[in-house]
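Chemist: The structure's right below; bear with me while I get my questions together.
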Amino acid sequence: MLVPEAVLDRAHEDVHKTQPWNNPDAVPYIRFENVTKKFGDFYAVDDVSLDIYRHELFALLGGSGCGKTTLLRMLAGFEEPTSGKIYIDGVDMDGVPAYERPTNMMFQSYALFPHMSVEQNVAFGLVQDGVSRSEIRELVAEMLGLVQMSKFAKRKPHQLSGGQRQRVALARSLIKRPKVLLLDEPLGALDKKLREQTQFELVNIQEKVGTTFVMVTHDQEEAMTMASRIAVMNEGVINQIGTPFELYEYPNSRYTANFLGQVNLIEGVLVDDDEKYAVIKSDEAGCEIYIDHAVQGHEGMTFWAAIRPERLRLTKEAPEDTKYNCVSGKVEEIGYLGGISTYHVRLASGKRIKVTEPNSTRQIEPRYTWEDSVWVSWEAGAASVLNQ
Amino acid sequence: MSGKRSTFLISALAFGFAFLYVPILLVIIYSFNEGKLVTVWSGFSTKWYVSLFNNDGMIDAAWNSLRIGVMSATLALALGTPAGLVMSRFGRFKGRTLFSGMIAAPLVMPEVITGLSLLLLFVTLEQIVGWPAGRGISTITIAHSTFCAAYVAVVVQSRLSGMDISVEEAAMDLGAKPGKIFFVITLPMILPALLAGWLLSFTLSLDDLVIASFVAGPGSTTLPMKVFSSVRLGVSPEINALATLIILAVSILIVIASIMILRSERMRNRTANASDI
Amino acid sequence: MSSDKLTLKQRFDRWMIKHGRVLVIGIPYFWLFLFFLVPFLIVLKISFSMAEYAQPPYSALFAWIDEGVTITLNFGNYLFLLSDSLYATAYLNSIRIAAISTVITLLIGYPMAYGIARARGSMRSVLLMLVILPFWTSFLIRVYAWIGILDREGLINAFLLWTGIISEPLIMRQTEFAVYVGIVYTYLPFMILPLYSTLEKMDISLIEAALDLGCKPWQAFVKVTLPLSLPGILAGSLLVFIPAVGEFVIPELLGGPNTLMIGRTLWNEFFANRDWPIASAVAIAMLVFLVVPIMWFQHIQTKQEEGQQ
Ligand SMILES: Nc1ncnc2c1ncn2[C@@H]1O[C@H](COP(=O)(O)OP(=O)(O)OP(=O)(O)O)[C@@H](O)[C@H]1O
Ligand SMILES: [Mg+2]
């Protein structure tokens, strides 16, 4: 990982509790060991190793068809890994059928039993365990209260709205107090507003019940809002695992950098490599990029400097020092979004750089207009250096 | 839609439905004809119904057919439901291709071949193991349930593959074992398909002449066999009376069923709309 | 947990989980195997034996001679099928009659299905019910209805004679024409239903788009509606053609003695001539030249559909 020592150094006792993944002694709650799943000749999941700790809200993030659902279904017991092992709470899950696993799943389609009322749906898991009737009634009432569905207990699923169905599905999967709750795109079917509202509710419920959540999503914003850690997947492989902060600030590859938020990727060649700094010369941008830390690699190697649009500064006049981290170009496109504005600046080389600026003061007219000649500059610490 | 075209469609529909229903209506009308000839209307009478009910051979045959129909439909359901389940839910297993072939083939098999082959099987079995001793209602039932099971399997399979499999997975996830999932979740959800499958099998069995003729024995004449032997000789007013009764019974059942389906759909829509508000 | 502490129910549960799958597959498998597949093997066997006046009326294929099994294969039955042109004629006739009836059924059924698909909501369900209703009434009786109409002393002749258009009754029953009428009549619902379901699913804005782009209505029909309803046409045609080819009842009741169809030929060999081996040989020939091609065609068809998805 390209996370600087400084970030990891902050790990002390307190951090060990809230960030067990930084504690070498912590025992993972869920463990994937070199898990591979093949459908025919196709590798849906390819040699994935992954540790998830107790009480985490862990998100699997990735594009369509990258194997997120497959990974989740192997954890739930609906698919057998082709090779590799899965442990939950130290127990090898090999050969344990879905109905005996300490996991419950909230399905993407909700999968509510259409012929049963809300109450019966929620009670289903307890009925299977032979819990007494009075206890079931009590627990169901409590759970419906938690998801604010008490009013609808007698309804059938087809008489509910999408958001209500989603709550029933959540209640049903939580009622058995599973060790791990699996959520496959839990908010996929909801509209944007309801979705944002539900994200926070889900996090609150997770904190209340303390269950470990493993969630699949392809919405990076959702993953960043909700998750303690995120695994970014691509074509069956996990590209990077980290907290939202780590992934955004220290991506390890162009794929991750692109997947979480927006980024300018500037290709260049390492020309100066020191213990304290590095310089990358980019023909594409027509400038030299000064990096304030050492880079693993040798001179002449190709690197990409990844710079987030909001870390770029836009000025009309040239900055004082134009030797490093500074390019000039013309404003080609302007997007006014209210709180911020985005600018596309075309450099002499033809490359386009995206810059976002907060509109922190009220202006009489826009600061820049089309075809304005501008300078784009950034701090030495703004760029992360990627070699893949 | 242009007026010319809709006139064409309306006349096509009118012609088509006339083609479908006029023959049936004529059969019904002439069942009340006094005389024996179809061409001449010689007055209203219900005497052919009386003579039909006094025709012991016909009544026995009808009774045989009903018994065979109920038994075959039930047996076909018992065989076809697991077969449909296997086809849509069990994934790959050894011999799956043969299995799916044995389900698809009866649907395209000419009845004469099915009938002949089953008869030869029964004869051979009787020679070798002494069972079935002679042929009769039981052999007809076996024959009917075999080809009806294929129909049931297809109906069940198509219903199951249209059904979201994650509902069953959810049940398993919540701790229900496979057998229980089938009875508590799958079965209630495919119940309409099962009902349709049963009715289809019952009708097919009731309607079958060819296969039954091959595998029937003495004393197991079914209604179609009886009707066939009398119809072969030409028109008979008694058959008209029988046809009228059958058409009446079927129409009443169909109308009741459609009204029930319509009503339940309407209820469903209404409640769904109510929840949107 | 040691196994002898398990209750009976627990043991049963475990056993079911372990063997349930095999059981669920096994029971229908065994049944279909015994009552569907094995019979064909027997038919095959008997098609190689000789007819005898015995009970059952055919010779044994296997014989114990000198403590070894000898199999006497008798190709005579098949040679007979080839030598007597009756069988080839019946086979070709069946295909021709079934094909022509299918086309007529399509011509009548397509406009009806189209009309139903374009009808308004409640009207549509009523029309659809009217199409389905005859299917649930007895097949035999629907064929029977036409005897009274087409007969020499039937209703059409009576009517025409009465009006004076003809002076001699027309011969309609016991002709191939009557067979066409019977097949079209009894199988029309099978054509309409699949056609209806593809036409009903079709987006009407596609036709509007075609009209918008300058097609005349008939061009829009030929270029958009017709190609899109091809799957329905194919499904409906197969549903009519397949049972029509092997049809026995319709040619027997409505056709004349010369209206040879292969199903009828088999029936007659079996019931009238009591020649089981020849009947078996006819059955095997039908299987090879009719059922196998149809199943193969359907197989290709479903594969293509899967490929398109
Ligand atoms: N049962 C199966 N048989 C064959 N291939 C499968 C099967 N299930 C999944 N796949 C394939 O495995 C790959 C990963 O599928 P998966 O459902 O895990 O994707 P995903 O990451 O959840 O995508 P999405 O975001 O679209 O839900 C896909 O390419 C898919 O086609
Ligand atoms: Mg998925």
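By convention here, the chains of the structure tokens are called A, B, ... in the order presented, each chain's residues are numbered starting at 1, and ligands are numbered starting at 1 in the order presented.
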Counting only C-alpha atoms, which residues of chain A sit at most 10 Å from some atom of chain B, and what is each one's closest atom pair with its distance in Å to one decimal, listed by chain and rising residue number, as JSON lines?

Modeler:
```
{"residue": "A:Ala76", "atom": "CA", "partner": "B:Asp173", "partner_atom": "CA", "distance": 7.2}
{"residue": "A:Gly77", "atom": "CA", "partner": "B:Asp173", "partner_atom": "CA", "distance": 8.3}
{"residue": "A:Phe78", "atom": "CA", "partner": "B:Glu169", "partner_atom": "CA", "distance": 7.5}
{"residue": "A:Pro97", "atom": "CA", "partner": "B:Met172", "partner_atom": "CA", "distance": 8.7}
{"residue": "A:Ala98", "atom": "CA", "partner": "B:Asp173", "partner_atom": "CA", "distance": 5.5}
{"residue": "A:Tyr99", "atom": "CA", "partner": "B:Gly175", "partner_atom": "CA", "distance": 4.0}
{"residue": "A:Glu100", "atom": "CA", "partner": "B:Gly175", "partner_atom": "CA", "distance": 6.3}
{"residue": "A:Arg101", "atom": "CA", "partner": "B:Asp173", "partner_atom": "CA", "distance": 7.8}
{"residue": "A:Pro102", "atom": "CA", "partner": "B:Asp173", "partner_atom": "CA", "distance": 9.2}
{"residue": "A:Thr103", "atom": "CA", "partner": "B:Asp173", "partner_atom": "CA", "distance": 7.4}
{"residue": "A:Asn104", "atom": "CA", "partner": "B:Asp173", "partner_atom": "CA", "distance": 5.8}
{"residue": "A:Met105", "atom": "CA", "partner": "B:Asp173", "partner_atom": "CA", "distance": 6.7}
{"residue": "A:Met106", "atom": "CA", "partner": "B:Ala170", "partner_atom": "CA", "distance": 8.0}
{"residue": "A:Phe107", "atom": "CA", "partner": "B:Ser166", "partner_atom": "CA", "distance": 7.2}
{"residue": "A:Gln108", "atom": "CA", "partner": "B:Ser166", "partner_atom": "CA", "distance": 8.9}
{"residue": "A:Ser109", "atom": "CA", "partner": "B:Ser166", "partner_atom": "CA", "distance": 7.7}
{"residue": "A:Tyr110", "atom": "CA", "partner": "B:Val167", "partner_atom": "CA", "distance": 8.0}
{"residue": "A:Ala111", "atom": "CA", "partner": "B:Val167", "partner_atom": "CA", "distance": 4.3}
{"residue": "A:Leu112", "atom": "CA", "partner": "B:Val167", "partner_atom": "CA", "distance": 6.3}
{"residue": "A:Phe113", "atom": "CA", "partner": "B:Val167", "partner_atom": "CA", "distance": 6.3}
{"residue": "A:Pro114", "atom": "CA", "partner": "B:Met189", "partner_atom": "CA", "distance": 7.7}
{"residue": "A:His115", "atom": "CA", "partner": "B:Met189", "partner_atom": "CA", "distance": 7.0}
{"residue": "A:Met116", "atom": "CA", "partner": "B:Ile185", "partner_atom": "CA", "distance": 9.3}
{"residue": "A:Asn121", "atom": "CA", "partner": "B:Ala171", "partner_atom": "CA", "distance": 9.6}
{"residue": "A:Val122", "atom": "CA", "partner": "B:Leu174", "partner_atom": "CA", "distance": 9.9}
{"residue": "A:Ala123", "atom": "CA", "partner": "B:Leu174", "partner_atom": "CA", "distance": 9.8}
{"residue": "A:Phe124", "atom": "CA", "partner": "B:Leu174", "partner_atom": "CA", "distance": 7.1}
{"residue": "A:Gly125", "atom": "CA", "partner": "B:Leu174", "partner_atom": "CA", "distance": 4.6}
{"residue": "A:Leu126", "atom": "CA", "partner": "B:Leu174", "partner_atom": "CA", "distance": 8.0}
{"residue": "A:Val127", "atom": "CA", "partner": "B:Gly175", "partner_atom": "CA", "distance": 9.0}
{"residue": "A:Gln128", "atom": "CA", "partner": "B:Gly175", "partner_atom": "CA", "distance": 5.8}
{"residue": "A:Asp129", "atom": "CA", "partner": "B:Gly175", "partner_atom": "CA", "distance": 7.1}
{"residue": "A:Arg155", "atom": "CA", "partner": "B:Ser275", "partner_atom": "CA", "distance": 9.5}
{"residue": "A:Lys156", "atom": "CA", "partner": "B:Thr271", "partner_atom": "CA", "distance": 9.6}
{"residue": "A:Pro157", "atom": "CA", "partner": "B:Ala272", "partner_atom": "CA", "distance": 9.6}
{"residue": "A:His158", "atom": "CA", "partner": "B:Ala272", "partner_atom": "CA", "distance": 6.5}
{"residue": "A:Gln159", "atom": "CA", "partner": "B:Ala272", "partner_atom": "CA", "distance": 4.8}
{"residue": "A:Leu160", "atom": "CA", "partner": "B:Ser275", "partner_atom": "CA", "distance": 6.1}
{"residue": "A:Ser161", "atom": "CA", "partner": "B:Asp276", "partner_atom": "CA", "distance": 6.7}
{"residue": "A:Ala169", "atom": "CA", "partner": "B:Ala170", "partner_atom": "CA", "distance": 9.7}
{"residue": "A:Arg172", "atom": "CA", "partner": "B:Leu174", "partner_atom": "CA", "distance": 8.4}
{"residue": "A:Ser173", "atom": "CA", "partner": "B:Leu174", "partner_atom": "CA", "distance": 7.4}
{"residue": "A:Leu174", "atom": "CA", "partner": "B:Leu174", "partner_atom": "CA", "distance": 9.9}
{"residue": "A:Ile175", "atom": "CA", "partner": "B:Leu174", "partner_atom": "CA", "distance": 9.5}
{"residue": "A:Lys176", "atom": "CA", "partner": "B:Leu174", "partner_atom": "CA", "distance": 7.9}
{"residue": "A:Pro178", "atom": "CA", "partner": "B:Leu174", "partner_atom": "CA", "distance": 9.6}
```

Chemist: May I have all residues of range 60-141 of chain A that DSSP, computed from the backbone, assigns to strand (DSSP E or B), given as a PyMOL selection string?

Modeler: chain A and resi 60-62+83-88+91-92+103-106

Chemist: Return as number ranges by chain the residues of protein, DNA or RNA that approach ligand 1 to within 10 Å, with only C-alpha atoms and all ligand atoms taken into account.

Modeler: A: 37-45, 60-74, 79, 108, 184-185, 216-219, 233-236; B: 91

Chemist: Using N, CA, C and O atoms, can you export the residues from the last selection as a tab-separated table (two decimals), in the first residue's frame?

Modeler:
```tsv
chain	number	residue	atom	x	y	z
A	37	LYS	N	-14.05	-18.22	-7.30
A	37	LYS	CA	-15.29	-18.81	-7.79
A	37	LYS	C	-15.31	-18.75	-9.30
A	37	LYS	O	-15.18	-17.69	-9.89
A	38	LYS	N	-15.42	-19.93	-9.89
A	38	LYS	CA	-15.48	-20.01	-11.35
A	38	LYS	C	-16.88	-20.42	-11.78
A	38	LYS	O	-17.47	-21.31	-11.20
A	39	PHE	N	-17.41	-19.74	-12.80
A	39	PHE	CA	-18.60	-20.22	-13.48
A	39	PHE	C	-18.13	-20.72	-14.84
A	39	PHE	O	-17.81	-19.92	-15.71
A	40	GLY	N	-18.08	-22.02	-15.00
A	40	GLY	CA	-17.48	-22.54	-16.23
A	40	GLY	C	-16.01	-22.16	-16.25
A	40	GLY	O	-15.28	-22.48	-15.33
A	41	ASP	N	-15.61	-21.45	-17.30
A	41	ASP	CA	-14.22	-21.02	-17.40
A	41	ASP	C	-14.04	-19.60	-16.89
A	41	ASP	O	-12.94	-19.06	-16.89
A	42	PHE	N	-15.14	-19.00	-16.46
A	42	PHE	CA	-15.11	-17.58	-16.14
A	42	PHE	C	-14.85	-17.39	-14.64
A	42	PHE	O	-15.54	-17.97	-13.80
A	43	TYR	N	-13.84	-16.56	-14.33
A	43	TYR	CA	-13.53	-16.29	-12.93
A	43	TYR	C	-14.39	-15.13	-12.44
A	43	TYR	O	-14.11	-13.98	-12.76
A	44	ALA	N	-15.45	-15.42	-11.69
A	44	ALA	CA	-16.29	-14.34	-11.16
A	44	ALA	C	-15.60	-13.70	-9.96
A	44	ALA	O	-15.68	-12.50	-9.75
A	45	VAL	N	-14.92	-14.53	-9.15
A	45	VAL	CA	-14.13	-14.04	-8.03
A	45	VAL	C	-12.78	-14.74	-8.12
A	45	VAL	O	-12.73	-15.96	-8.26
A	60	LEU	N	-18.56	-3.51	-0.14
A	60	LEU	CA	-17.91	-4.02	-1.35
A	60	LEU	C	-18.36	-3.11	-2.49
A	60	LEU	O	-19.54	-3.01	-2.78
A	61	LEU	N	-17.39	-2.46	-3.10
A	61	LEU	CA	-17.72	-1.46	-4.10
A	61	LEU	C	-17.07	-1.86	-5.42
A	61	LEU	O	-15.93	-2.33	-5.44
A	62	GLY	N	-17.79	-1.66	-6.49
A	62	GLY	CA	-17.19	-2.00	-7.79
A	62	GLY	C	-18.22	-1.89	-8.89
A	62	GLY	O	-19.42	-1.81	-8.63
A	63	GLY	N	-17.75	-1.91	-10.11
A	63	GLY	CA	-18.63	-1.77	-11.26
A	63	GLY	C	-19.50	-3.00	-11.44
A	63	GLY	O	-19.36	-3.99	-10.73
A	64	SER	N	-20.40	-2.92	-12.41
A	64	SER	CA	-21.33	-4.02	-12.64
A	64	SER	C	-20.57	-5.27	-13.10
A	64	SER	O	-19.68	-5.19	-13.93
A	65	GLY	N	-20.95	-6.40	-12.51
A	65	GLY	CA	-20.37	-7.68	-12.95
A	65	GLY	C	-18.98	-7.95	-12.42
A	65	GLY	O	-18.30	-8.85	-12.90
A	66	CYS	N	-18.54	-7.21	-11.40
A	66	CYS	CA	-17.17	-7.42	-10.93
A	66	CYS	C	-17.10	-8.50	-9.86
A	66	CYS	O	-16.04	-8.83	-9.36
A	67	GLY	N	-18.24	-9.09	-9.48
A	67	GLY	CA	-18.21	-10.21	-8.56
A	67	GLY	C	-18.61	-9.91	-7.14
A	67	GLY	O	-18.43	-10.74	-6.26
A	68	LYS	N	-19.20	-8.74	-6.90
A	68	LYS	CA	-19.60	-8.39	-5.53
A	68	LYS	C	-20.68	-9.32	-5.00
A	68	LYS	O	-20.55	-9.88	-3.91
A	69	THR	N	-21.72	-9.48	-5.80
A	69	THR	CA	-22.82	-10.33	-5.36
A	69	THR	C	-22.33	-11.75	-5.14
A	69	THR	O	-22.70	-12.40	-4.16
A	70	THR	N	-21.49	-12.22	-6.03
A	70	THR	CA	-20.98	-13.58	-5.91
A	70	THR	C	-20.22	-13.76	-4.59
A	70	THR	O	-20.39	-14.76	-3.89
A	71	LEU	N	-19.41	-12.77	-4.24
A	71	LEU	CA	-18.66	-12.83	-2.98
A	71	LEU	C	-19.62	-12.91	-1.80
A	71	LEU	O	-19.45	-13.72	-0.88
A	72	LEU	N	-20.65	-12.09	-1.86
A	72	LEU	CA	-21.64	-12.05	-0.77
A	72	LEU	C	-22.41	-13.37	-0.68
A	72	LEU	O	-22.65	-13.89	0.42
A	73	ARG	N	-22.75	-13.91	-1.85
A	73	ARG	CA	-23.51	-15.15	-1.85
A	73	ARG	C	-22.69	-16.32	-1.35
A	73	ARG	O	-23.23	-17.28	-0.79
A	74	MET	N	-21.39	-16.25	-1.54
A	74	MET	CA	-20.54	-17.32	-0.99
A	74	MET	C	-20.51	-17.22	0.53
A	74	MET	O	-20.48	-18.23	1.23
A	79	GLU	N	-23.58	-20.01	-2.76
A	79	GLU	CA	-22.64	-20.53	-3.74
A	79	GLU	C	-21.47	-21.14	-2.98
A	79	GLU	O	-21.09	-20.65	-1.93
A	108	GLN	N	-31.38	-7.87	-2.78
A	108	GLN	CA	-31.51	-6.70	-3.65
A	108	GLN	C	-32.96	-6.50	-4.07
A	108	GLN	O	-33.46	-5.40	-4.10
A	184	ASP	N	-27.30	-6.75	-0.11
A	184	ASP	CA	-26.94	-6.63	-1.53
A	184	ASP	C	-27.67	-5.42	-2.11
A	184	ASP	O	-28.87	-5.46	-2.33
A	185	GLU	N	-26.95	-4.37	-2.34
A	185	GLU	CA	-27.52	-3.12	-2.85
A	185	GLU	C	-28.81	-2.80	-2.12
A	185	GLU	O	-29.88	-2.73	-2.73
A	216	VAL	N	-23.08	-4.62	-0.26
A	216	VAL	CA	-22.63	-4.48	-1.65
A	216	VAL	C	-23.25	-3.23	-2.23
A	216	VAL	O	-24.41	-2.94	-2.00
A	217	THR	N	-22.47	-2.47	-2.95
A	217	THR	CA	-23.04	-1.30	-3.61
A	217	THR	C	-22.18	-0.95	-4.81
A	217	THR	O	-21.03	-1.34	-4.91
A	218	HIS	N	-22.79	-0.27	-5.77
A	218	HIS	CA	-21.93	0.26	-6.83
A	218	HIS	C	-21.96	1.79	-6.80
A	218	HIS	O	-21.51	2.44	-7.72
A	219	ASP	N	-22.52	2.33	-5.70
A	219	ASP	CA	-22.64	3.77	-5.56
A	219	ASP	C	-21.55	4.22	-4.60
A	219	ASP	O	-21.58	3.95	-3.41
A	233	MET	N	-13.55	-3.45	-5.84
A	233	MET	CA	-13.36	-4.65	-6.65
A	233	MET	C	-13.36	-4.32	-8.12
A	233	MET	O	-14.01	-3.37	-8.56
A	234	ASN	N	-12.61	-5.11	-8.87
A	234	ASN	CA	-12.59	-4.96	-10.32
A	234	ASN	C	-12.31	-6.32	-10.94
A	234	ASN	O	-11.31	-6.94	-10.63
A	235	GLU	N	-13.21	-6.79	-11.77
A	235	GLU	CA	-13.07	-8.06	-12.47
A	235	GLU	C	-12.66	-9.20	-11.55
A	235	GLU	O	-11.72	-9.93	-11.82
A	236	GLY	N	-13.39	-9.34	-10.46
A	236	GLY	CA	-13.17	-10.48	-9.58
A	236	GLY	C	-12.01	-10.33	-8.62
A	236	GLY	O	-11.75	-11.24	-7.82
B	91	GLY	N	-30.41	-27.41	-11.10
B	91	GLY	CA	-29.12	-27.24	-11.78
B	91	GLY	C	-28.75	-28.48	-12.57
B	91	GLY	O	-29.61	-29.23	-13.03
```

Chemist: As number ranges by chain, please: the residues near Val40 in chain B (cut-off 12 Å, only C-alpha atoms, same-chain neighbours under 4 positions excluded).

Modeler: B: 29-30, 32-36, 44; C: 148, 153-155, 157-159, 162

Chemist: Keeping C-alpha atoms, export the residues of the selection given above as a PDB file, in the first residue's frame.

Modeler:
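To be explicit, this is the file written out as selection_16.pdb:
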```
ATOM      1  CA  ILE B  29     -80.064 -26.690 -30.880  1.00  0.00           C
ATOM      2  CA  TYR B  30     -80.492 -30.095 -32.448  1.00  0.00           C
ATOM      3  CA  PHE B  32     -83.680 -30.535 -28.492  1.00  0.00           C
ATOM      4  CA  ASN B  33     -84.977 -31.806 -31.809  1.00  0.00           C
ATOM      5  CA  GLU B  34     -87.808 -34.267 -31.617  1.00  0.00           C
ATOM      6  CA  GLY B  35     -86.794 -36.270 -34.680  1.00  0.00           C
ATOM      7  CA  LYS B  36     -83.716 -38.338 -35.339  1.00  0.00           C
ATOM      8  CA  PHE B  44     -88.911 -29.279 -29.370  1.00  0.00           C
TER       9      PHE B  44
ATOM     10  CA  GLY C 148     -73.909 -32.963 -38.934  1.00  0.00           C
ATOM     11  CA  GLU C 153     -77.767 -35.208 -45.360  1.00  0.00           C
ATOM     12  CA  GLY C 154     -76.161 -32.418 -43.385  1.00  0.00           C
ATOM     13  CA  LEU C 155     -77.139 -28.855 -42.724  1.00  0.00           C
ATOM     14  CA  ASN C 157     -76.654 -29.484 -48.134  1.00  0.00           C
ATOM     15  CA  ALA C 158     -80.154 -29.153 -46.694  1.00  0.00           C
ATOM     16  CA  PHE C 159     -79.859 -25.392 -46.797  1.00  0.00           C
ATOM     17  CA  TRP C 162     -83.757 -25.679 -49.958  1.00  0.00           C
TER      18      TRP C 162
END
```

Chemist: For a quick check of understanding, using only C-alpha atoms and all ligand atoms, which of A:Leu183, A:Met224, A:Gly163, A:Asp25 has the smallest distance to ligand 2?

Modeler: A:Leu183

Chemist: Hey, can you check how far CA of Leu20 in chain B sits from CA of Lys226 in chain B?

Modeler: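 We find that CA of Leu20 in chain B and CA of Lys226 in chain B lie 24.7 Å from each other.
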
Chemist: With only C-alpha atoms counted and 10 Å as the cut-off, give the residues of range 110-186 of chain B in contact with range 73-86 of chain B, each with its shortest interatomic distance in Å and the pair that gives it, as a tab-separated table.

Modeler:
```
residue	atom	partner	partner_atom	distance
B:Thr141	CA	B:Leu75	CA	8.5
B:Ile142	CA	B:Leu75	CA	8.5
B:His144	CA	B:Ala76	CA	8.0
B:Ser145	CA	B:Ala76	CA	4.6
B:Thr146	CA	B:Ala76	CA	6.6
B:Phe147	CA	B:Ala76	CA	8.0
B:Cys148	CA	B:Ala76	CA	5.5
B:Ala149	CA	B:Ala76	CA	4.2
B:Ala150	CA	B:Gly80	CA	6.1
B:Tyr151	CA	B:Gly80	CA	7.4
B:Val152	CA	B:Gly80	CA	4.9
B:Ala153	CA	B:Gly84	CA	4.1
B:Val154	CA	B:Gly84	CA	6.2
B:Val155	CA	B:Gly84	CA	7.6
B:Val156	CA	B:Gly84	CA	5.2
B:Gln157	CA	B:Gly84	CA	4.4
B:Ser158	CA	B:Gly84	CA	8.1
B:Arg159	CA	B:Gly84	CA	9.1
B:Leu160	CA	B:Leu85	CA	7.4
B:Ser161	CA	B:Leu85	CA	9.4
B:Phe182	CA	B:Leu85	CA	9.4
B:Thr186	CA	B:Leu85	CA	9.6
```

Chemist: Could those residues be written to a file, using N, CA, C and O atoms, as a compact mmCIF listing (two decimals), in the first residue's frame?

Modeler:
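Result file follows (selection39.txt):
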```
# COMPACT_ATOMS: atom_id res chain seq x y z
N THR B 141 -55.12 -45.16 -16.50
CA THR B 141 -54.67 -44.11 -15.58
C THR B 141 -53.16 -43.92 -15.67
O THR B 141 -52.67 -42.79 -15.70
N ILE B 142 -52.44 -45.03 -15.72
CA ILE B 142 -50.98 -44.90 -15.83
C ILE B 142 -50.61 -44.16 -17.11
O ILE B 142 -49.81 -43.23 -17.11
N HIS B 144 -52.42 -42.10 -18.96
CA HIS B 144 -52.79 -40.69 -18.93
C HIS B 144 -51.89 -39.88 -18.01
O HIS B 144 -51.46 -38.78 -18.35
N SER B 145 -51.60 -40.43 -16.84
CA SER B 145 -50.80 -39.61 -15.93
C SER B 145 -49.39 -39.43 -16.46
O SER B 145 -48.76 -38.42 -16.18
N THR B 146 -48.91 -40.38 -17.26
CA THR B 146 -47.57 -40.21 -17.80
C THR B 146 -47.50 -39.01 -18.74
O THR B 146 -46.65 -38.14 -18.58
N PHE B 147 -48.42 -38.95 -19.70
CA PHE B 147 -48.28 -37.80 -20.61
C PHE B 147 -48.78 -36.51 -19.99
O PHE B 147 -48.27 -35.43 -20.29
N CYS B 148 -49.76 -36.61 -19.06
CA CYS B 148 -50.19 -35.39 -18.37
C CYS B 148 -49.09 -34.84 -17.46
O CYS B 148 -48.96 -33.63 -17.29
N ALA B 149 -48.30 -35.76 -16.88
CA ALA B 149 -47.21 -35.30 -16.00
C ALA B 149 -46.26 -34.39 -16.76
O ALA B 149 -45.74 -33.42 -16.22
N ALA B 150 -46.06 -34.70 -18.05
CA ALA B 150 -45.17 -33.85 -18.85
C ALA B 150 -45.77 -32.45 -18.98
O ALA B 150 -45.05 -31.44 -18.85
N TYR B 151 -47.08 -32.37 -19.19
CA TYR B 151 -47.73 -31.06 -19.27
C TYR B 151 -47.59 -30.31 -17.94
O TYR B 151 -47.25 -29.13 -17.90
N VAL B 152 -47.87 -31.02 -16.84
CA VAL B 152 -47.76 -30.38 -15.53
C VAL B 152 -46.33 -29.88 -15.31
O VAL B 152 -46.11 -28.76 -14.86
N ALA B 153 -45.36 -30.72 -15.68
CA ALA B 153 -43.96 -30.34 -15.48
C ALA B 153 -43.66 -29.04 -16.24
O ALA B 153 -43.00 -28.15 -15.71
N VAL B 154 -44.16 -28.95 -17.46
CA VAL B 154 -43.89 -27.74 -18.25
C VAL B 154 -44.55 -26.51 -17.61
O VAL B 154 -43.93 -25.45 -17.48
N VAL B 155 -45.80 -26.69 -17.17
CA VAL B 155 -46.50 -25.57 -16.54
C VAL B 155 -45.75 -25.13 -15.27
O VAL B 155 -45.49 -23.94 -15.07
N VAL B 156 -45.39 -26.10 -14.44
CA VAL B 156 -44.70 -25.78 -13.19
C VAL B 156 -43.34 -25.15 -13.47
O VAL B 156 -42.95 -24.16 -12.85
N GLN B 157 -42.64 -25.73 -14.43
CA GLN B 157 -41.31 -25.20 -14.75
C GLN B 157 -41.39 -23.75 -15.21
O GLN B 157 -40.60 -22.91 -14.78
N SER B 158 -42.38 -23.46 -16.08
CA SER B 158 -42.41 -22.09 -16.59
C SER B 158 -42.84 -21.13 -15.48
O SER B 158 -42.35 -20.01 -15.40
N ARG B 159 -43.70 -21.60 -14.59
CA ARG B 159 -44.08 -20.73 -13.46
C ARG B 159 -42.88 -20.48 -12.55
O ARG B 159 -42.64 -19.37 -12.11
N LEU B 160 -42.12 -21.54 -12.29
CA LEU B 160 -40.97 -21.40 -11.39
C LEU B 160 -39.89 -20.53 -12.00
O LEU B 160 -39.26 -19.74 -11.30
N SER B 161 -39.67 -20.67 -13.31
CA SER B 161 -38.57 -19.86 -13.85
C SER B 161 -38.98 -18.40 -13.98
O SER B 161 -38.12 -17.54 -14.06
N PHE B 182 -39.94 -25.80 0.21
CA PHE B 182 -40.86 -26.18 -0.85
C PHE B 182 -42.30 -26.08 -0.37
O PHE B 182 -43.15 -25.49 -1.03
N THR B 186 -42.52 -22.26 -1.75
CA THR B 186 -42.69 -22.50 -3.19
C THR B 186 -44.12 -22.93 -3.52
O THR B 186 -44.75 -22.37 -4.41
```
